[in-house]
$ cat run01.cif   # mmCIF, C-alpha atoms
data_work
loop_
_atom_site.label_atom_id
_atom_site.label_comp_id
_atom_site.auth_asym_id
_atom_site.auth_seq_id
_atom_site.Cartn_x
_atom_site.Cartn_y
_atom_site.Cartn_z
CA MET G 10 -85.94 25.41 -33.62
CA SER G 11 -82.66 26.52 -35.10
CA GLN G 12 -82.37 29.22 -32.49
CA GLU G 13 -83.08 26.72 -29.77
CA VAL G 14 -80.25 24.53 -31.02
CA PHE G 15 -78.00 27.54 -31.13
CA ILE G 16 -78.69 28.48 -27.51
CA GLU G 17 -78.43 24.87 -26.36
CA SER G 18 -75.23 24.22 -28.26
CA LYS G 19 -73.08 26.55 -26.18
CA PRO G 20 -73.03 24.66 -22.87
CA LEU G 21 -73.16 21.41 -24.83
CA ARG G 22 -70.07 22.39 -26.78
CA GLU G 23 -68.27 23.04 -23.53
CA LYS G 24 -69.38 19.76 -22.02
CA ILE G 25 -68.09 17.92 -25.06
CA ALA G 26 -64.84 19.87 -24.94
CA ASP G 27 -64.46 19.00 -21.23
CA LYS G 28 -64.93 15.31 -21.96
CA ILE G 29 -62.52 15.18 -24.91
CA ARG G 30 -59.93 17.34 -23.09
CA ALA G 31 -59.99 15.09 -20.04
CA ASP G 32 -59.68 12.03 -22.29
CA ILE G 33 -56.64 13.53 -24.01
CA ILE G 34 -54.96 14.30 -20.70
CA LYS G 35 -55.80 10.85 -19.33
CA GLY G 36 -54.36 9.23 -22.44
CA VAL G 37 -57.60 7.73 -23.76
CA TYR G 38 -56.67 9.41 -27.04
CA ARG G 39 -53.05 9.04 -28.03
CA ASN G 40 -50.72 11.61 -29.44
CA GLY G 41 -51.31 11.93 -33.18
CA GLU G 42 -54.65 10.11 -33.03
CA ARG G 43 -57.40 11.40 -35.31
CA LEU G 44 -60.66 12.56 -33.78
CA VAL G 45 -63.31 11.77 -36.35
CA GLU G 46 -66.47 13.88 -36.13
CA PRO G 47 -69.00 11.21 -37.21
CA THR G 48 -67.45 8.66 -34.83
CA LEU G 49 -67.53 11.10 -31.92
CA ALA G 50 -71.12 12.01 -32.81
CA LYS G 51 -72.11 8.36 -32.76
CA ASN G 52 -70.23 7.55 -29.53
CA LEU G 53 -71.56 10.56 -27.64
CA GLY G 54 -75.00 10.40 -29.23
CA ILE G 55 -74.83 14.06 -30.21
CA SER G 56 -75.20 15.89 -33.51
CA ARG G 57 -72.05 16.93 -35.35
CA THR G 58 -72.44 20.69 -35.06
CA PRO G 59 -71.61 21.05 -31.33
CA ILE G 60 -68.81 18.51 -31.76
CA ARG G 61 -67.28 20.59 -34.50
CA GLU G 62 -67.52 23.62 -32.21
CA ALA G 63 -65.94 21.73 -29.32
CA LEU G 64 -63.07 20.66 -31.55
CA ARG G 65 -62.51 24.24 -32.61
CA GLN G 66 -62.37 25.27 -28.96
CA LEU G 67 -59.87 22.53 -28.17
CA GLU G 68 -57.76 23.66 -31.10
CA SER G 69 -57.56 27.18 -29.69
CA GLU G 70 -56.49 25.70 -26.34
CA GLY G 71 -53.75 23.70 -28.02
CA PHE G 72 -55.08 20.21 -27.30
CA ILE G 73 -55.65 19.31 -30.92
CA GLU G 74 -54.56 20.47 -34.30
CA ILE G 75 -56.97 20.72 -37.21
CA VAL G 76 -55.12 19.59 -40.31
CA PRO G 77 -56.69 20.09 -43.77
CA ARG G 78 -57.96 16.84 -45.27
CA ARG G 79 -56.97 14.89 -42.11
CA GLY G 80 -59.25 16.45 -39.54
CA ALA G 81 -58.57 16.87 -35.81
CA ILE G 82 -55.27 15.40 -34.57
CA VAL G 83 -54.51 15.02 -30.85
CA LYS G 84 -51.49 16.90 -29.52
CA GLU G 85 -50.01 15.11 -26.57
CA LEU G 86 -49.99 16.43 -23.03
CA THR G 87 -49.91 13.74 -20.39
CA ILE G 88 -50.42 13.97 -16.64
CA LYS G 89 -46.70 13.27 -16.37
CA ASP G 90 -46.02 16.31 -18.60
CA ILE G 91 -48.13 18.51 -16.35
CA ASP G 92 -46.58 17.02 -13.21
CA ASP G 93 -43.17 17.89 -14.63
CA LEU G 94 -44.26 21.41 -15.49
CA TYR G 95 -45.78 22.08 -12.10
CA ALA G 96 -42.73 20.78 -10.24
CA ILE G 97 -40.62 23.40 -12.01
CA LYS G 98 -43.23 26.13 -11.72
CA ALA G 99 -43.67 25.56 -7.97
CA ASN G 100 -39.93 25.74 -7.42
CA LEU G 101 -39.22 28.78 -9.56
CA GLU G 102 -42.23 30.84 -8.52
CA GLY G 103 -41.36 30.05 -4.92
CA LEU G 104 -37.86 31.32 -5.60
CA ALA G 105 -39.27 34.47 -7.24
CA ALA G 106 -41.40 35.14 -4.15
CA ARG G 107 -38.37 34.65 -1.89
CA GLN G 108 -36.37 37.17 -3.91
CA ALA G 109 -39.32 39.55 -4.14
CA VAL G 110 -39.57 39.97 -0.35
CA VAL G 111 -36.72 42.48 -0.26
CA ASN G 112 -37.75 44.44 -3.34
CA MET G 113 -41.53 44.60 -3.02
CA THR G 114 -42.76 48.20 -2.92
CA GLU G 115 -45.78 49.47 -0.98
CA ASP G 116 -47.55 50.12 -4.29
CA GLN G 117 -46.98 46.58 -5.49
CA LEU G 118 -48.23 45.19 -2.20
CA GLU G 119 -51.33 47.33 -2.46
CA THR G 120 -51.97 46.09 -6.00
CA LEU G 121 -51.74 42.51 -4.75
CA ILE G 122 -54.26 43.28 -2.01
CA ASN G 123 -56.64 44.97 -4.49
CA ILE G 124 -56.45 42.15 -7.00
CA ASN G 125 -57.28 39.66 -4.29
CA LYS G 126 -60.29 41.72 -3.15
CA LYS G 127 -61.58 41.71 -6.71
CA PHE G 128 -60.91 38.01 -6.82
CA ARG G 129 -62.96 37.38 -3.73
CA ASP G 130 -65.89 39.32 -5.20
CA ILE G 131 -65.74 37.29 -8.39
CA ALA G 132 -65.51 34.03 -6.49
CA GLU G 133 -68.50 34.98 -4.32
CA LYS G 134 -70.82 36.63 -6.81
CA ASN G 135 -70.14 35.44 -10.27
CA PRO G 136 -67.86 32.46 -10.62
CA SER G 137 -68.44 32.23 -14.36
CA VAL G 138 -66.51 35.41 -15.19
CA THR G 139 -63.39 33.44 -15.90
CA ASP G 140 -61.64 35.71 -18.40
CA GLU G 141 -61.38 38.56 -15.95
CA TYR G 142 -60.34 36.21 -13.18
CA LEU G 143 -57.66 34.75 -15.41
CA LYS G 144 -56.18 38.09 -16.30
CA ASP G 145 -56.12 39.14 -12.66
CA ASN G 146 -54.54 35.88 -11.64
CA ILE G 147 -51.75 36.34 -14.18
CA ASP G 148 -51.25 39.92 -12.95
CA PHE G 149 -51.09 38.77 -9.34
CA HIS G 150 -48.35 36.28 -10.06
CA ASN G 151 -46.45 38.60 -12.41
CA ILE G 152 -46.24 41.31 -9.77
CA PHE G 153 -44.11 39.27 -7.42
CA ILE G 154 -42.22 37.53 -10.23
CA ALA G 155 -41.21 40.96 -11.56
CA ALA G 156 -40.45 42.16 -8.02
CA SER G 157 -37.86 39.38 -7.75
CA GLY G 158 -35.67 41.65 -9.90
CA ASN G 159 -34.31 38.55 -11.62
CA GLU G 160 -34.86 39.04 -15.35
CA LYS G 161 -33.66 35.60 -16.27
CA LEU G 162 -36.14 34.08 -13.85
CA PHE G 163 -38.91 36.25 -15.29
CA ASP G 164 -38.08 35.09 -18.85
CA ILE G 165 -37.99 31.42 -17.84
CA LEU G 166 -41.34 31.63 -16.06
CA ASP G 167 -42.82 33.56 -18.98
CA SER G 168 -41.86 30.87 -21.47
CA LEU G 169 -43.05 28.19 -19.04
CA SER G 170 -46.47 29.87 -18.75
CA LYS G 171 -47.15 29.22 -22.45
CA ASN G 172 -47.33 25.54 -21.64
CA PHE G 173 -50.11 26.26 -19.18
CA GLN G 174 -52.29 28.12 -21.69
CA ARG G 175 -54.15 24.99 -22.59
CA LEU G 176 -54.93 24.25 -18.95
CA LYS G 177 -56.24 27.62 -17.92
CA THR G 178 -59.87 27.01 -18.81
CA MET G 179 -59.98 23.98 -16.55
CA LEU G 180 -58.24 25.65 -13.68
CA VAL G 181 -60.57 28.57 -13.09
CA SER G 182 -63.96 27.41 -14.24
CA ASP G 183 -64.67 26.27 -10.70
CA ALA G 184 -66.03 28.53 -7.98
CA GLY G 185 -64.67 26.31 -5.20
CA ARG G 186 -61.15 26.56 -6.55
CA ALA G 187 -61.51 30.33 -6.97
CA ALA G 188 -62.50 30.68 -3.31
CA LEU G 189 -59.53 28.58 -2.25
CA ALA G 190 -57.20 30.64 -4.43
CA VAL G 191 -58.38 33.77 -2.61
CA VAL G 192 -57.36 32.23 0.72
CA GLU G 193 -53.99 31.12 -0.65
CA HIS G 194 -53.31 34.51 -2.17
CA LYS G 195 -54.06 36.07 1.21
CA LYS G 196 -51.35 33.89 2.78
CA ILE G 197 -48.89 35.03 0.13
CA ILE G 198 -49.77 38.67 0.79
CA ASP G 199 -49.31 38.13 4.55
CA ALA G 200 -45.86 36.67 3.93
CA PHE G 201 -44.89 39.76 1.92
CA VAL G 202 -46.29 42.05 4.62
CA SER G 203 -44.22 40.31 7.30
CA LYS G 204 -41.18 40.29 4.92
CA ASP G 205 -40.56 36.63 5.62
CA PRO G 206 -38.66 35.01 2.68
CA ASP G 207 -39.15 31.42 3.89
CA LEU G 208 -42.87 31.94 4.33
CA ALA G 209 -43.21 33.73 0.96
CA GLU G 210 -41.48 30.86 -0.82
CA LYS G 211 -43.50 28.24 1.01
CA SER G 212 -46.88 29.89 0.51
CA VAL G 213 -46.32 30.34 -3.23
CA ARG G 214 -45.14 26.75 -3.60
CA ASN G 215 -48.15 25.45 -1.71
CA HIS G 216 -50.48 27.63 -3.78
CA ILE G 217 -49.16 26.23 -7.04
CA ILE G 218 -49.15 22.65 -5.83
CA SER G 219 -52.71 23.08 -4.57
CA GLY G 220 -53.80 24.39 -7.99
CA TRP G 221 -52.30 21.36 -9.63
CA GLU G 222 -53.85 18.93 -7.12
CA PHE G 223 -57.24 20.47 -7.85
CA LEU G 224 -56.69 20.16 -11.56
CA LYS G 225 -55.50 16.58 -11.29
CA ASP G 226 -58.60 15.59 -9.30
CA LYS G 227 -60.77 17.23 -11.89
CA ILE G 228 -59.06 15.44 -14.76
CA ASN G 229 -59.31 12.10 -12.99
CA SER G 230 -62.99 12.51 -12.14
CA ASN G 231 -64.06 13.53 -15.63
CA MET X 27 -7.95 20.95 -52.20
CA GLY X 28 -11.46 19.56 -52.27
CA VAL X 29 -14.46 20.88 -50.41
CA LYS X 30 -14.34 17.78 -48.24
CA ASP X 31 -10.90 18.64 -46.87
CA ILE X 32 -12.13 21.98 -45.65
CA ASN X 33 -15.19 20.44 -44.04
CA ILE X 34 -13.24 17.84 -42.09
CA ASP X 35 -11.24 20.51 -40.42
CA ASN X 36 -14.06 22.96 -39.85
CA THR X 37 -15.65 21.69 -36.66
CA PRO X 38 -12.56 21.28 -34.50
CA LEU X 39 -11.07 24.46 -35.96
CA SER X 40 -14.10 26.56 -35.10
CA GLU X 41 -13.97 25.13 -31.58
CA LYS X 42 -10.29 25.94 -31.28
CA ILE X 43 -10.97 29.48 -32.39
CA ALA X 44 -13.86 29.74 -29.93
CA LEU X 45 -11.56 28.50 -27.16
CA THR X 46 -8.95 31.14 -27.96
CA ILE X 47 -11.49 33.96 -28.05
CA ARG X 48 -13.26 32.66 -24.93
CA ASN X 49 -9.98 32.57 -22.97
CA ASN X 50 -9.17 36.10 -24.07
CA ILE X 51 -12.57 37.31 -22.90
CA ILE X 52 -12.22 35.55 -19.55
CA LYS X 53 -8.72 36.93 -19.03
CA GLY X 54 -9.97 40.39 -19.88
CA ILE X 55 -7.70 40.78 -22.92
CA ILE X 56 -10.81 41.24 -25.03
CA LYS X 57 -13.07 43.61 -23.09
CA PRO X 58 -16.87 43.74 -22.74
CA GLY X 59 -18.44 45.93 -25.43
CA GLU X 60 -15.52 45.30 -27.77
CA ARG X 61 -16.40 44.40 -31.36
CA LEU X 62 -15.07 41.20 -32.86
CA VAL X 63 -14.60 41.89 -36.56
CA GLU X 64 -14.53 38.79 -38.77
CA PRO X 65 -12.03 40.01 -41.41
CA LYS X 66 -9.69 41.31 -38.70
CA LEU X 67 -9.81 38.03 -36.74
CA SER X 68 -9.33 36.16 -39.99
CA GLU X 69 -6.22 38.22 -40.76
CA MET X 70 -4.80 37.96 -37.22
CA MET X 71 -5.22 34.19 -37.00
CA GLY X 72 -4.48 33.46 -40.63
CA ILE X 73 -7.71 31.48 -40.93
CA SER X 74 -10.55 31.71 -43.44
CA ARG X 75 -13.74 33.49 -42.37
CA THR X 76 -16.10 30.48 -42.36
CA PRO X 77 -14.76 28.73 -39.22
CA ILE X 78 -14.47 32.12 -37.53
CA ARG X 79 -18.13 32.78 -38.20
CA GLU X 80 -18.95 29.35 -36.72
CA ALA X 81 -16.82 30.05 -33.66
CA LEU X 82 -18.67 33.32 -33.14
CA ARG X 83 -21.98 31.51 -33.34
CA LEU X 84 -20.77 29.06 -30.67
CA LEU X 85 -19.73 31.93 -28.43
CA GLU X 86 -23.09 33.58 -28.98
CA MET X 87 -24.86 30.44 -27.77
CA GLU X 88 -22.67 30.42 -24.69
CA GLY X 89 -23.51 34.03 -23.98
CA PHE X 90 -19.99 35.40 -24.40
CA ILE X 91 -20.89 37.57 -27.35
CA GLU X 92 -23.99 39.05 -28.88
CA ILE X 93 -24.46 39.29 -32.64
CA ILE X 94 -26.10 42.62 -33.42
CA PRO X 95 -27.40 43.43 -36.93
CA ARG X 96 -25.13 45.91 -38.75
CA ARG X 97 -22.67 45.97 -35.82
CA GLY X 98 -21.50 42.38 -35.82
CA ALA X 99 -20.23 40.42 -32.82
CA VAL X 100 -19.94 42.37 -29.58
CA VAL X 101 -18.54 40.98 -26.31
CA THR X 102 -21.30 40.90 -23.69
CA THR X 103 -20.90 42.32 -20.25
CA LEU X 104 -21.16 39.79 -17.46
CA THR X 105 -22.17 41.71 -14.40
CA ARG X 106 -22.19 40.56 -10.84
CA LYS X 107 -25.98 40.71 -11.01
CA ASP X 108 -25.97 38.35 -14.03
CA ILE X 109 -23.91 35.87 -12.03
CA ASP X 110 -26.25 36.18 -9.05
CA ASP X 111 -29.38 35.84 -11.20
CA ILE X 112 -28.08 32.74 -12.96
CA PHE X 113 -26.81 31.02 -9.83
CA VAL X 114 -29.90 31.58 -7.75
CA ILE X 115 -31.87 29.70 -10.44
CA LYS X 116 -29.25 26.96 -10.67
CA MET X 117 -29.29 26.65 -6.89
CA ASN X 118 -33.03 26.10 -7.09
CA LEU X 119 -33.31 23.71 -10.05
CA GLU X 120 -30.26 21.51 -9.71
CA PRO X 121 -31.09 20.28 -6.20
CA LEU X 122 -34.59 19.50 -7.48
CA ALA X 123 -33.12 17.44 -10.34
CA SER X 124 -30.74 15.64 -7.96
CA LYS X 125 -33.52 14.77 -5.53
CA LEU X 126 -35.69 13.41 -8.35
CA ALA X 127 -32.73 11.42 -9.70
CA VAL X 128 -32.20 9.44 -6.48
CA SER X 129 -34.73 6.73 -7.37
CA PHE X 130 -33.68 6.52 -11.03
CA LEU X 131 -29.89 6.40 -10.73
CA GLU X 132 -28.47 2.96 -11.40
CA LYS X 133 -25.29 1.44 -10.06
CA SER X 134 -23.62 1.96 -13.44
CA ASP X 135 -24.37 5.71 -13.23
CA ILE X 136 -22.83 5.95 -9.79
CA ASP X 137 -19.80 4.02 -11.04
CA LYS X 138 -19.41 6.56 -13.82
CA MET X 139 -19.64 9.37 -11.27
CA LYS X 140 -16.88 7.70 -9.26
CA GLU X 141 -14.70 7.38 -12.36
CA LEU X 142 -15.11 11.06 -13.15
CA ALA X 143 -14.40 12.01 -9.54
CA VAL X 144 -11.11 10.09 -9.71
CA LYS X 145 -10.18 11.72 -13.02
CA MET X 146 -10.87 15.14 -11.58
CA ALA X 147 -8.89 14.41 -8.44
CA VAL X 148 -5.86 13.28 -10.43
CA GLY X 149 -6.18 16.39 -12.54
CA SER X 150 -5.50 16.95 -16.16
CA SER X 151 -2.54 18.03 -18.19
CA LYS X 152 -5.03 19.47 -20.61
CA GLY X 153 -5.96 21.99 -17.95
CA VAL X 154 -9.08 23.97 -17.28
CA THR X 155 -11.13 22.92 -20.32
CA GLN X 156 -10.83 19.22 -19.48
CA LEU X 157 -11.80 19.80 -15.85
CA ILE X 158 -14.82 21.81 -16.92
CA ASN X 159 -15.93 19.03 -19.24
CA TRP X 160 -15.51 16.32 -16.60
CA ASN X 161 -17.41 18.42 -14.12
CA TYR X 162 -20.14 18.99 -16.71
CA ASP X 163 -20.36 15.21 -17.35
CA PHE X 164 -20.49 14.51 -13.62
CA HIS X 165 -23.45 16.84 -13.12
CA ASN X 166 -25.23 15.59 -16.25
CA LEU X 167 -25.14 12.02 -14.96
CA PHE X 168 -27.72 12.84 -12.32
CA ILE X 169 -29.50 15.65 -14.18
CA TYR X 170 -30.34 13.31 -17.07
CA LYS X 171 -31.76 10.79 -14.59
CA CYS X 172 -34.27 13.16 -12.99
CA ASN X 173 -37.04 11.83 -15.25
CA ASN X 174 -38.37 15.33 -15.91
CA GLU X 175 -37.73 16.17 -19.57
CA ARG X 176 -38.59 19.82 -19.18
CA LEU X 177 -36.28 20.24 -16.24
CA ILE X 178 -33.45 18.62 -18.22
CA LYS X 179 -34.05 20.96 -21.16
CA MET X 180 -34.20 23.95 -18.86
CA LEU X 181 -30.94 23.06 -17.11
CA GLU X 182 -29.31 22.44 -20.50
CA GLY X 183 -30.36 25.89 -21.65
CA LEU X 184 -29.02 27.47 -18.48
CA GLN X 185 -25.79 25.50 -18.75
CA GLN X 186 -24.73 27.60 -21.72
CA GLN X 187 -25.04 30.68 -19.56
CA PHE X 188 -23.34 29.05 -16.56
CA LYS X 189 -20.38 28.15 -18.72
CA ARG X 190 -19.37 31.77 -18.92
CA ALA X 191 -19.37 31.95 -15.13
CA THR X 192 -18.21 28.46 -14.13
CA VAL X 193 -14.94 28.86 -16.00
CA TYR X 194 -13.78 30.89 -13.02
CA SER X 195 -14.22 27.88 -10.74
CA PHE X 196 -11.42 25.83 -12.20
CA THR X 197 -8.80 28.47 -12.73
CA THR X 198 -7.23 27.98 -9.31
CA GLU X 199 -6.32 24.86 -7.40
CA GLY X 200 -8.37 25.71 -4.30
CA ARG X 201 -11.88 25.35 -5.57
CA THR X 202 -11.05 22.27 -7.64
CA ARG X 203 -10.09 20.38 -4.47
CA LYS X 204 -13.26 21.56 -2.73
CA VAL X 205 -15.32 20.52 -5.74
CA ASN X 206 -13.86 17.03 -5.51
CA GLU X 207 -14.67 16.75 -1.81
CA GLU X 208 -18.24 17.86 -2.46
CA HIS X 209 -18.61 15.42 -5.36
CA ASP X 210 -17.45 12.55 -3.11
CA LYS X 211 -20.04 13.48 -0.51
CA LEU X 212 -22.71 13.58 -3.18
CA ILE X 213 -21.75 10.13 -4.48
CA ALA X 214 -22.06 8.73 -0.95
CA ALA X 215 -25.50 10.29 -0.53
CA PHE X 216 -26.66 8.88 -3.87
CA GLU X 217 -25.42 5.43 -2.83
CA ALA X 218 -27.37 5.71 0.41
CA LYS X 219 -30.43 6.85 -1.60
CA ASP X 220 -30.82 9.70 0.85
CA GLU X 221 -32.98 12.26 -0.98
CA LYS X 222 -32.74 14.90 1.68
CA SER X 223 -28.96 14.92 1.92
CA VAL X 224 -28.58 14.68 -1.86
CA GLU X 225 -30.69 17.80 -2.22
CA GLU X 226 -28.80 19.62 0.54
CA ILE X 227 -25.36 18.66 -0.77
CA VAL X 228 -26.17 19.85 -4.29
CA GLU X 229 -27.62 23.08 -2.92
CA THR X 230 -24.48 23.72 -0.87
CA HIS X 231 -22.28 22.67 -3.78
CA VAL X 232 -23.90 25.16 -6.15
CA TYR X 233 -23.89 27.83 -3.45
CA ASN X 234 -20.16 27.36 -2.77
CA GLY X 235 -19.42 27.53 -6.48
CA TRP X 236 -21.41 30.73 -6.69
CA GLN X 237 -19.60 32.38 -3.78
CA PHE X 238 -16.23 31.34 -5.19
CA ILE X 239 -17.06 32.72 -8.62
CA ARG X 240 -18.13 35.98 -6.98
CA THR X 241 -14.70 36.42 -5.35
CA GLN X 242 -12.86 35.45 -8.55
CA PHE X 243 -15.05 37.78 -10.56
CA GLU X 244 -14.32 40.65 -8.24
CA GLU X 245 -10.58 40.01 -8.42
CA VAL X 246 -10.65 40.15 -12.21
CA HIS X 247 -12.82 43.22 -12.28
CA THR X 248 -11.00 45.31 -9.69
CA HIS X 249 -7.88 45.15 -11.87
CA GLU X 250 -9.64 47.16 -14.55
#
$ encode --input "run01.cif" --output "structure tokens"
Amino acid sequence: MSQEVFIESKPLREKIADKIRADIIKGVYRNGERLVEPTLAKNLGISRTPIREALRQLESEGFIEIVPRRGAIVKELTIKDIDDLYAIKANLEGLAARQAVVNMTEDQLETLININKKFRDIAEKNPSVTDEYLKDNIDFHNIFIAASGNEKLFDILDSLSKNFQRLKTMLVSDAGRAALAVVEHKKIIDAFVSKDPDLAEKSVRNHIISGWEFLKDKINSN
Amino acid sequence: MGVKDINIDNTPLSEKIALTIRNNIIKGIIKPGERLVEPKLSEMMGISRTPIREALRLLEMEGFIEIIPRRGAVVTTLTRKDIDDIFVIKMNLEPLASKLAVSFLEKSDIDKMKELAVKMAVGSSKGVTQLINWNYDFHNLFIYKCNNERLIKMLEGLQQQFKRATVYSFTTEGRTRKVNEEHDKLIAAFEAKDEKSVEEIVETHVYNGWQFIRTQFEEVHTHE
């Protein structure tokens, strides 16, 4: 029995985390609000153990803070916050791509192509391997950001990316989105191959906006 | 003399010191890589070390100097690439802020922009520093109304680095007049609530400033 619970609790924990995370982003829970385990257990009709696990997961993602003697406290991140972040990210990564067109080496281009091949395989065969996908995705973006040759831009985007940490699990846990990302990455690669700065900027912007649109739909439907 | 007396004078004094050092860096009297030694500055200016330390901290925030452990304050090198890197980001983010601000700017904001434009056109006996501040206020009027907190913070952070470069813009009459013309155009576009032209005008405005600074920068640096 205990083993059964243990096996069951893993997907359950994630389901609970998904629900609470979406509620935080939608503003159902306010900034600073306490998430009380027994209350959540009663509301969701679930035992406290998976809830405690879900809360721990959300803490590691930065959505809540577990304060001694007070319990789980919601840390605010609204849709408006994410909208604001993505507007800047789309602009600056687009700019990085534009600047990267001139500097991109054959080796870098080949790395982009290889990462995207790996991506496609993951998206087709095993969409649940998200950690690997995530790392590759970061690499893909960092290659052209670094190729921009603009260190200040690299630093700004690096510090901006920390704000997205808490969103990453939502963004890639979907096979459909992964498949779409492969297509969008291909467009970016094509723009670099044809050395077209306008197209490079536009395709990166569209890719980032499309990621955010996907995420927003997912938040709103949860 | 009480502690209070010293404190009252500290803030403006440290800013005055920063202004003197900043001008000397811009004019090339103090060269990149040169060390600024607190006791020496204190002796030269006949001022105690505390406000000097504060002035150095201000200049560090603005990117004019770097404070290195065991070496002290060293004047940073502003390369042409630094200028290009900073301006290409500014040229990307400021038009975005201006476009977003179109629907949030109120009549009172536009009136303030007009006031500042008049002040800048008339000019200032106080010279470059005053013009830079008015220009800064003018730009902040729409930046603060973009309704994107992160973008505001980011542009504020960059502003400190621009300062080092934008100083060049107001050192000669020519660009100041151009700046005023461009500001007038921008005000008209804001009044018409025309997002597309607002964005384009700001982009051109930043671009022109960048190109001007490049020529000024090269003039200063070919004399070395």
$ atom_distance --input "run01.cif" --atom1 "atom CA of Lys204 of chain X" --atom2 "atom CA of Leu181 of chain X"
22.8 Å
$ residues_near_point --input "run01.cif" --point "(-61.1, 10.0, -29.6)" --cutoff "10 Å" --atoms "all atoms listed in the file" --output "short mmCIF file (atom, residue, chain, number, x, y, z; two decimals) with C-alpha atoms, keeping the file's coordinate frame"
data_model
loop_
_atom_site.label_atom_id
_atom_site.label_comp_id
_atom_site.auth_asym_id
_atom_site.auth_seq_id
_atom_site.Cartn_x
_atom_site.Cartn_y
_atom_site.Cartn_z
CA ILE G 29 -62.52 15.18 -24.91
CA ARG G 30 -59.93 17.34 -23.09
CA ASP G 32 -59.68 12.03 -22.29
CA ILE G 33 -56.64 13.53 -24.01
CA GLY G 36 -54.36 9.23 -22.44
CA VAL G 37 -57.60 7.73 -23.76
CA TYR G 38 -56.67 9.41 -27.04
CA ARG G 39 -53.05 9.04 -28.03
CA GLU G 42 -54.65 10.11 -33.03
CA ARG G 43 -57.40 11.40 -35.31
CA LEU G 44 -60.66 12.56 -33.78
CA VAL G 45 -63.31 11.77 -36.35
CA GLU G 46 -66.47 13.88 -36.13
CA THR G 48 -67.45 8.66 -34.83
CA LEU G 49 -67.53 11.10 -31.92
CA ASN G 52 -70.23 7.55 -29.53
CA ALA G 81 -58.57 16.87 -35.81
CA ILE G 82 -55.27 15.40 -34.57
CA VAL G 83 -54.51 15.02 -30.85
#
$ residues_around --input "run01.cif" --residues "segment 161-172 of chain G" --least-positions-apart "2" --cutoff "8 Å" --atoms "only C-alpha atoms" --output "ChimeraX atom specification"
/G:94,98,101-102,105,154-155,159,174-175 /X:111-112,115
$ residues_around --input "run01.cif" --residues "Ala31 of chain G" --least-positions-apart "4" --cutoff "10 Å" --atoms "all atoms listed in the file" --output "tab-separated table (two decimals) with C-alpha atoms, in the coordinates of the input"
chain	number	residue	atom	x	y	z
G	25	ILE	CA	-68.09	17.92	-25.06
G	26	ALA	CA	-64.84	19.87	-24.94
G	27	ASP	CA	-64.46	19.00	-21.23
G	35	LYS	CA	-55.80	10.85	-19.33
G	36	GLY	CA	-54.36	9.23	-22.44
G	37	VAL	CA	-57.60	7.73	-23.76
G	38	TYR	CA	-56.67	9.41	-27.04
G	179	MET	CA	-59.98	23.98	-16.55
G	225	LYS	CA	-55.50	16.58	-11.29
G	227	LYS	CA	-60.77	17.23	-11.89
G	228	ILE	CA	-59.06	15.44	-14.76
G	229	ASN	CA	-59.31	12.10	-12.99
G	230	SER	CA	-62.99	12.51	-12.14
G	231	ASN	CA	-64.06	13.53	-15.63
$ atom_distance --input "run01.cif" --atom1 "atom CA of Ile91 of chain G" --atom2 "atom CA of Ile217 of chain G"
12.1 Å
$ atom_distance --input "run01.cif" --atom1 "atom CA of Lys89 of chain G" --atom2 "atom CA of Cys172 of chain X"
12.9 Å
$ closest_residue --input "run01.cif" --among "G:Asp92, G:Asp130, G:Asp148, G:Glu160" --to "Gly220 of chain G" --atoms "all atoms listed in the file"
G:Asp92
$ interface_residues --input "run01.cif" --of "chain X" --to "chain G" --cutoff "9 Å" --atoms "only C-alpha atoms" --output "CSV table (one decimal) with C-alpha atoms, in the coordinates of the input"
chain,number,residue,atom,x,y,z
X,107,LYS,CA,-26.0,40.7,-11.0
X,108,ASP,CA,-26.0,38.4,-14.0
X,110,ASP,CA,-26.2,36.2,-9.0
X,111,ASP,CA,-29.4,35.8,-11.2
X,112,ILE,CA,-28.1,32.7,-13.0
X,114,VAL,CA,-29.9,31.6,-7.8
X,115,ILE,CA,-31.9,29.7,-10.4
X,118,ASN,CA,-33.0,26.1,-7.1
X,119,LEU,CA,-33.3,23.7,-10.0
X,122,LEU,CA,-34.6,19.5,-7.5
X,173,ASN,CA,-37.0,11.8,-15.2
X,174,ASN,CA,-38.4,15.3,-15.9
X,175,GLU,CA,-37.7,16.2,-19.6
X,176,ARG,CA,-38.6,19.8,-19.2
X,177,LEU,CA,-36.3,20.2,-16.2
X,180,MET,CA,-34.2,24.0,-18.9
$ residues_around --input "run01.cif" --residues "segment 99-106 of chain X" --least-positions-apart "2" --cutoff "9 Å" --atoms "only C-alpha atoms" --output "VMD selection string"
chain X and resid 51 56 to 64 82 86 89 to 95 97 108 to 111 190 to 191 240 243 to 244
$ resolve_selection --input "run01.cif" --expression "the PyMOL selection byres ((chain G and resi 121) around 10)" --output "count of residues only"
23
$ decode --input "run01.cif" --residues "segment 106-117 of chain X" --atoms "C-alpha atoms" --output "short mmCIF file (atom, residue, chain, number, x, y, z; two decimals), in the first residue's frame"
data_model
loop_
_atom_site.label_atom_id
_atom_site.label_comp_id
_atom_site.auth_asym_id
_atom_site.auth_seq_id
_atom_site.Cartn_x
_atom_site.Cartn_y
_atom_site.Cartn_z
CA ARG X 106 33.88 52.76 -29.68
CA LYS X 107 32.53 49.24 -29.29
CA ASP X 108 31.13 50.11 -25.83
CA ILE X 109 29.30 53.06 -27.37
CA ASP X 110 27.95 50.89 -30.18
CA ASP X 111 26.89 48.11 -27.80
CA ILE X 112 25.06 50.50 -25.49
CA PHE X 113 23.33 52.46 -28.24
CA VAL X 114 22.11 49.48 -30.18
CA ILE X 115 20.27 48.36 -27.02
CA LYS X 116 18.94 51.85 -26.36
CA MET X 117 17.79 52.07 -29.97
#
